[in-house]
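Have a look at structure34.txt; it's compact mmCIF, C-alpha atoms:
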```txt
# COMPACT_ATOMS: atom_id res chain seq x y z
CA GLY A 1 92.47 108.98 140.41
CA GLU A 2 96.15 108.33 139.97
CA ALA A 3 96.12 109.27 136.28
CA GLU A 4 94.63 112.68 137.04
CA LEU A 5 97.13 113.33 139.84
CA LEU A 6 100.04 112.24 137.68
CA THR A 7 99.18 114.36 134.64
CA ASP A 8 96.89 117.09 136.03
CA LEU A 9 94.52 116.17 133.19
CA PRO A 10 90.87 115.04 133.41
CA ILE A 11 89.92 111.49 132.47
CA PHE A 12 87.46 111.64 129.59
CA ALA A 13 86.73 107.89 129.40
CA VAL A 14 87.73 104.55 130.92
CA LEU A 15 87.75 101.59 128.54
CA PRO A 16 87.59 98.00 129.79
CA ARG A 17 90.18 95.38 129.01
CA MET A 18 89.13 93.49 125.89
CA SER A 19 90.24 90.03 124.82
CA SER A 20 89.59 87.59 122.02
CA ARG A 21 86.95 86.06 124.28
CA GLN A 22 85.34 89.32 125.24
CA THR A 23 82.06 89.06 127.08
CA ARG A 24 78.88 90.87 126.23
CA GLN A 25 79.33 92.83 129.43
CA SER A 26 82.79 94.08 128.46
CA ALA A 27 81.53 95.01 124.98
CA GLU A 28 78.65 96.95 126.54
CA GLU A 29 81.06 98.70 128.90
CA GLU A 30 83.27 99.67 125.96
CA ASN A 31 80.31 101.02 124.00
CA GLU A 32 79.15 102.98 127.02
CA ALA A 33 82.62 104.49 127.52
CA ILE A 34 82.89 105.48 123.85
CA GLY A 35 79.44 107.04 124.03
CA HIS A 36 80.58 109.02 127.08
CA LEU A 37 83.67 110.18 125.19
CA GLN A 38 81.54 111.30 122.25
CA THR A 39 79.34 113.29 124.62
CA ILE A 40 82.38 115.07 126.05
CA ILE A 41 83.56 115.94 122.54
CA ARG A 42 80.14 117.39 121.73
CA LEU A 43 80.04 119.42 124.96
CA ARG A 44 83.51 120.78 124.27
CA GLN A 45 82.38 121.69 120.77
CA GLU A 46 79.33 123.56 122.09
CA ALA A 47 81.47 125.36 124.68
CA GLY A 48 83.83 126.46 121.93
CA ARG A 49 80.96 127.87 119.91
CA ASN A 50 79.69 129.79 122.92
CA GLN A 51 83.15 131.29 123.39
CA ARG A 52 83.22 132.41 119.73
CA PRO A 53 79.98 134.32 119.14
CA GLU A 54 81.37 135.60 115.84
CA VAL A 55 80.87 132.10 114.42
CA MET A 56 77.34 131.90 113.08
CA ALA A 57 75.26 128.87 114.06
CA ASP A 58 74.80 127.85 110.44
CA GLU A 59 78.48 128.18 109.54
CA TYR A 60 79.90 124.77 108.77
CA TRP A 61 83.27 123.75 110.16
CA GLY A 62 84.36 120.19 110.83
CA ARG A 63 86.04 119.22 114.10
CA VAL A 64 89.35 117.37 114.38
CA VAL A 65 89.74 114.80 117.18
CA CYS A 66 93.31 113.53 117.59
CA ILE A 67 94.18 110.40 119.57
CA THR A 68 97.77 109.72 120.53
CA SER A 69 99.64 107.84 123.24
CA PRO A 70 103.10 107.89 124.80
CA MET A 71 104.32 104.68 123.17
CA PRO A 72 103.13 102.07 120.62
CA GLY A 73 100.79 99.22 121.53
CA GLU A 74 98.45 101.13 123.81
CA GLY A 75 95.29 100.75 121.73
CA LYS A 76 95.01 104.01 119.76
CA SER A 77 93.93 102.46 116.49
CA ARG A 78 91.13 100.44 118.05
CA LEU A 79 89.79 103.48 119.87
CA ALA A 80 90.04 105.66 116.75
CA GLN A 81 88.08 103.11 114.73
CA LYS A 82 85.48 102.67 117.46
CA ILE A 83 84.79 106.38 117.93
CA THR A 84 84.65 106.84 114.14
CA ALA A 85 82.10 104.04 113.81
CA ARG A 86 80.05 105.48 116.67
CA MET A 87 79.91 108.89 115.01
CA ALA A 88 78.95 107.35 111.67
CA ARG A 89 76.10 105.44 113.29
CA ASN A 90 74.88 108.71 114.76
CA GLY A 91 74.56 110.19 111.31
CA GLN A 92 77.75 112.26 111.25
CA ARG A 93 79.94 112.69 108.20
CA VAL A 94 83.22 111.35 109.53
CA LEU A 95 86.70 110.55 108.22
CA LEU A 96 89.23 108.31 109.94
CA LEU A 97 92.76 109.55 109.23
CA ASP A 98 95.72 107.23 109.83
CA GLY A 99 98.37 109.82 110.58
CA ASP A 100 101.33 107.45 110.81
CA LEU A 101 103.17 107.77 107.49
CA ARG A 102 106.22 105.82 108.67
CA ARG A 103 104.41 102.77 110.01
CA PRO A 104 100.90 102.79 108.53
CA THR A 105 98.75 100.08 110.02
CA LEU A 106 95.10 100.72 109.27
CA ALA A 107 95.46 100.22 105.52
CA LYS A 108 96.99 96.80 106.15
CA GLN A 109 94.74 95.78 109.05
CA PRO A 110 91.51 97.31 108.01
CA VAL A 111 89.10 99.13 109.67
CA PHE A 112 85.94 97.76 111.20
CA GLY A 113 83.51 97.01 108.39
CA ARG A 114 84.08 96.45 104.70
CA VAL A 115 85.49 98.71 102.02
CA VAL A 116 82.65 99.56 99.67
CA ARG A 117 84.55 101.91 97.39
CA ALA A 118 88.17 101.18 96.51
CA GLU A 119 88.18 103.07 93.22
CA ASN A 120 88.30 106.77 92.65
CA ARG A 121 85.38 108.55 91.11
CA ASN A 122 86.78 108.16 87.61
CA GLY A 123 86.62 104.41 88.00
CA GLN A 124 90.39 104.06 88.08
CA ASP A 125 92.30 101.81 90.43
CA ARG A 126 93.35 103.78 93.53
CA GLU A 127 96.13 101.42 94.64
CA LYS A 128 98.78 104.13 94.52
CA ALA A 129 96.61 107.08 95.60
CA ASP A 130 97.07 107.57 99.32
CA LEU A 131 97.71 110.19 102.01
CA PRO A 132 101.39 110.89 101.17
CA LEU A 133 100.51 111.49 97.52
CA VAL A 134 97.71 113.84 98.53
CA LEU A 135 100.10 115.78 100.76
CA GLN A 136 102.62 115.96 97.91
CA GLY A 137 99.97 117.23 95.50
CA ASP A 138 100.20 114.15 93.27
CA ALA A 139 96.71 112.83 94.05
CA THR A 140 93.35 114.30 94.99
CA LEU A 141 91.35 113.50 98.09
CA ASP A 142 88.68 111.85 95.94
CA GLN A 143 91.31 109.51 94.52
CA ALA A 144 92.77 108.56 97.90
CA ILE A 145 89.78 108.27 100.22
CA LEU A 146 88.25 104.86 100.90
CA THR A 147 84.61 104.49 101.88
CA VAL A 148 83.87 101.87 104.54
CA GLY A 149 80.49 100.31 105.28
CA ILE A 150 79.65 99.17 108.80
CA PRO A 151 76.67 97.48 110.45
CA ASN A 152 73.95 99.93 111.35
CA ASP A 153 73.23 98.23 114.66
CA GLN A 154 74.79 95.83 117.12
CA ASN A 155 73.06 92.76 115.63
CA GLY A 156 75.49 92.38 112.75
CA GLU A 157 73.07 93.39 110.03
CA GLN A 158 74.79 95.30 107.25
CA GLY A 159 73.21 98.71 106.94
CA ASP A 160 73.79 101.84 104.95
CA VAL A 161 76.11 103.46 107.47
CA TYR A 162 79.44 104.64 106.11
CA TYR A 163 82.57 106.47 107.04
CA ASP A 164 85.61 107.47 105.00
CA PHE A 165 89.23 106.48 105.53
CA LEU A 166 92.46 108.15 104.48
CA GLY A 167 95.95 106.82 105.15
CA ALA A 168 99.23 105.67 103.68
CA GLU A 169 99.28 102.46 101.67
CA TYR A 170 103.04 102.13 102.10
CA ALA A 171 105.54 103.58 104.55
CA VAL A 172 107.49 106.67 103.52
CA SER A 173 110.91 107.77 104.73
CA SER A 174 111.24 109.62 108.01
CA ALA A 175 112.62 112.68 106.24
CA LEU A 176 109.71 112.85 103.79
CA ALA A 177 107.12 112.18 106.50
CA GLY A 178 108.47 114.99 108.64
CA GLN A 179 108.56 117.42 105.73
CA LEU A 180 105.00 116.62 104.63
CA MET A 181 103.62 116.98 108.13
CA ALA A 182 105.41 120.26 108.73
CA GLU A 183 104.57 121.88 105.39
CA LYS A 184 101.36 120.35 104.06
CA LEU A 185 99.23 119.06 106.94
CA MET A 186 97.40 122.26 107.90
CA ALA A 187 96.18 122.88 104.35
CA LEU A 188 94.93 119.31 104.14
CA MET A 189 93.04 119.69 107.41
CA GLN A 190 91.34 122.83 106.08
CA ASP A 191 90.09 120.83 103.09
CA LEU A 192 88.89 117.97 105.30
CA ARG A 193 87.08 120.30 107.71
CA ALA A 194 85.05 121.57 104.77
CA ARG A 195 83.93 118.01 103.91
CA TYR A 196 83.22 116.34 107.25
CA ASP A 197 81.54 116.85 110.60
CA TYR A 198 84.44 115.08 112.31
CA ILE A 199 87.95 114.03 111.37
CA VAL A 200 89.27 111.39 113.78
CA VAL A 201 93.06 111.22 113.68
CA ASP A 202 94.95 108.10 114.73
CA ALA A 203 98.30 109.76 115.41
CA PRO A 204 101.64 108.02 115.98
CA PRO A 205 102.95 107.84 119.56
CA VAL A 206 104.24 111.11 120.99
CA LEU A 207 107.58 109.68 122.09
CA ALA A 208 108.21 107.74 118.87
CA VAL A 209 108.18 110.45 116.17
CA ALA A 210 107.66 114.19 115.93
CA ASP A 211 104.72 113.74 113.54
CA ALA A 212 102.38 113.31 116.51
CA VAL A 213 103.02 116.92 117.48
CA TRP A 214 102.03 118.26 114.05
CA LEU A 215 98.84 116.21 114.05
CA THR A 216 97.97 117.18 117.61
CA ARG A 217 98.52 120.86 116.85
CA ALA A 218 95.96 120.59 114.03
CA ALA A 219 93.29 119.17 116.37
CA ASP A 220 90.45 120.67 118.38
CA ASP A 221 90.31 117.76 120.83
CA ARG A 222 93.69 116.34 121.88
CA LEU A 223 93.32 112.99 123.61
CA LEU A 224 96.10 111.04 125.28
CA LEU A 225 95.46 107.30 125.56
CA LEU A 226 97.05 105.44 128.48
CA ARG A 227 96.89 101.69 129.03
CA ALA A 228 96.67 100.00 132.41
CA GLU A 229 99.71 97.88 133.28
CA LYS A 230 101.53 99.09 130.15
CA SER A 231 101.92 102.86 130.13
CA ARG A 232 104.88 103.77 132.32
CA ARG A 233 104.96 106.83 134.53
CA GLU A 234 108.11 108.21 132.93
CA ASP A 235 106.66 107.84 129.44
CA ILE A 236 103.36 109.42 130.47
CA LEU A 237 105.06 112.46 131.97
CA ASP A 238 107.45 112.79 129.03
CA ALA A 239 104.54 112.69 126.57
CA VAL A 240 102.50 115.24 128.52
CA ASN A 241 105.50 117.58 128.78
CA ARG A 242 106.42 117.22 125.11
CA LEU A 243 102.93 118.19 123.99
CA GLU A 244 102.85 121.13 126.41
CA GLN A 245 106.22 122.41 125.21
CA ALA A 246 105.02 122.20 121.60
CA GLY A 247 102.01 124.35 122.40
CA CYS A 248 99.47 121.55 121.93
CA ALA A 249 98.84 120.25 125.43
CA ALA A 250 96.53 117.26 125.78
CA ASP A 251 92.97 118.12 126.77
CA GLY A 252 92.22 114.86 128.54
CA ILE A 253 93.06 111.22 129.11
CA ILE A 254 91.44 108.03 127.93
CA PHE A 255 92.39 105.16 130.21
CA SER A 256 92.19 101.74 128.51
CA GLY A 257 92.66 98.09 129.41
CA VAL A 258 91.03 98.52 132.78
CA LEU A 259 89.87 95.62 134.89
CA ARG A 260 86.95 96.76 136.94
CA ARG A 261 88.15 98.40 140.14
CA GLY A 262 91.56 96.85 139.66
CA ALA A 263 93.59 98.83 137.14
CA TYR A 264 96.93 100.38 137.87
CA TYR A 265 99.92 101.86 136.08
CA GLY A 266 103.23 100.21 135.51
CA GLY A 267 105.94 101.75 137.68
CA LYS A 268 109.58 102.42 137.01
CA LYS A 269 110.21 98.71 136.79
CA GLN A 270 108.14 96.38 134.69
CA ARG A 271 105.71 94.62 136.97
CA LYS A 272 105.24 90.93 136.54
CA ARG A 273 101.78 89.83 135.53
CA PRO A 274 100.13 87.08 137.52
```
Translate the structure described by the file into structure tokens.
Amino acid sequence: GEAELLTDLPIFAVLPRMSSRQTRQSAEEENEAIGHLQTIIRLRQEAGRNQRPEVMADEYWGRVVCITSPMPGEGKSRLAQKITARMARNGQRVLLLDGDLRRPTLAKQPVFGRVVRAENRNGQDREKADLPLVLQGDATLDQAILTVGIPNDQNGEQGDVYYDFLGAEYAVSSALAGQLMAEKLMALMQDLRARYDYIVVDAPPVLAVADAVWLTRAADDRLLLLRAEKSRREDILDAVNRLEQAGCAADGIIFSGVLRRGAYYGGKKQRKRP
């Protein structure tokens, strides 16, 4: 397709356009696409193990999946939450990491499901314990992580399926965010890999801030989300090139907002919508 020709990257999944009046069919298509994406991640994980025979089968090491996009508003947070929920329902230990320290969104617009633990394990209020404080060494992971409960099936019944969430409660300065990402992120990821099967990272847009590069470099699966009728060719190419130049090239594309058989990219000029 056009996306593959433009970027020379494979398309890992195609997500349908969703609206406030989404149909059951579109919801099923989205679930099917996310299931396909999860399968690709698993296959890539198995291939990596086969290429590293020195890693024993029983050695535990969590996998980091990073989702970014060229520009804001292309649907990263929704996809990150959806794939996290899918993994949790499949019995995986999974953490959703909101990697945007400058404009945190997931803490303010929560996550699918309900927060079931908003206190740290000492019973103290965790209002001020968040990702930036963990990176600075002023809070522990146990103090900052939220646990989220989600329905165990598609019928809306609340089950005992959970995932964890870690992010910033409040925005930090650009200078501090850049310093924390550059100096502290890799050590944090090592700690998280020891706790979880998967860490799903909702990274900021590649062309907006440099933090996306640090987060992408820490990942095993580097996914670039593009949105039909929104992602512009120039931005797509700039994002792909920026990641390549930083030594963390995207592994594949997720194409979102697709009308069946009718999706296309925005060109150099903004196309008018019908």
### Query
Between A:Ser69, A:Thr7, A:Ser77, A:Asn152, which has the minimum distance to Arg222 of chain A (counting only C-alpha atoms)?
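Smallest distance to Arg222 of chain A is found for A:Ser69.
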#### Entry: Straight-line distance linking atom CA of Val115 of chain A with atom CA of Pro151 of chain A, stated in Å to one decimal
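The value is 12.3 Å.
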### Query
Could you work out how far atom CA of Ala85 of chain A lies from atom CA of Ile40 of chain A, giving the answer in Å with one decimal?
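Atom-to-atom, atom CA of Ile40 of chain A to atom CA of Ala85 of chain A, that is 16.5 Å.
Among the candidates A:Val200, A:Met71, A:Val116, A:Leu146, the one nearest to Ala88 of chain A when counting only C-alpha atoms is A:Val200.
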### Task
May I ask which of the residues A:Val134, A:Ala47, A:Ile83, A:Ile199 is the closest one to Ala218 of chain A, counting all atoms listed in the file?
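The answer is A:Ile199, which sits nearest to Ala218 of chain A.
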### Query
With all atoms listed in the file as the atoms that count, which of A:Leu6, A:Val64, A:Leu176, A:Leu79 lies nearest to Asp220 of chain A?
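For Asp220 of chain A, the nearest of the given residues is A:Val64.
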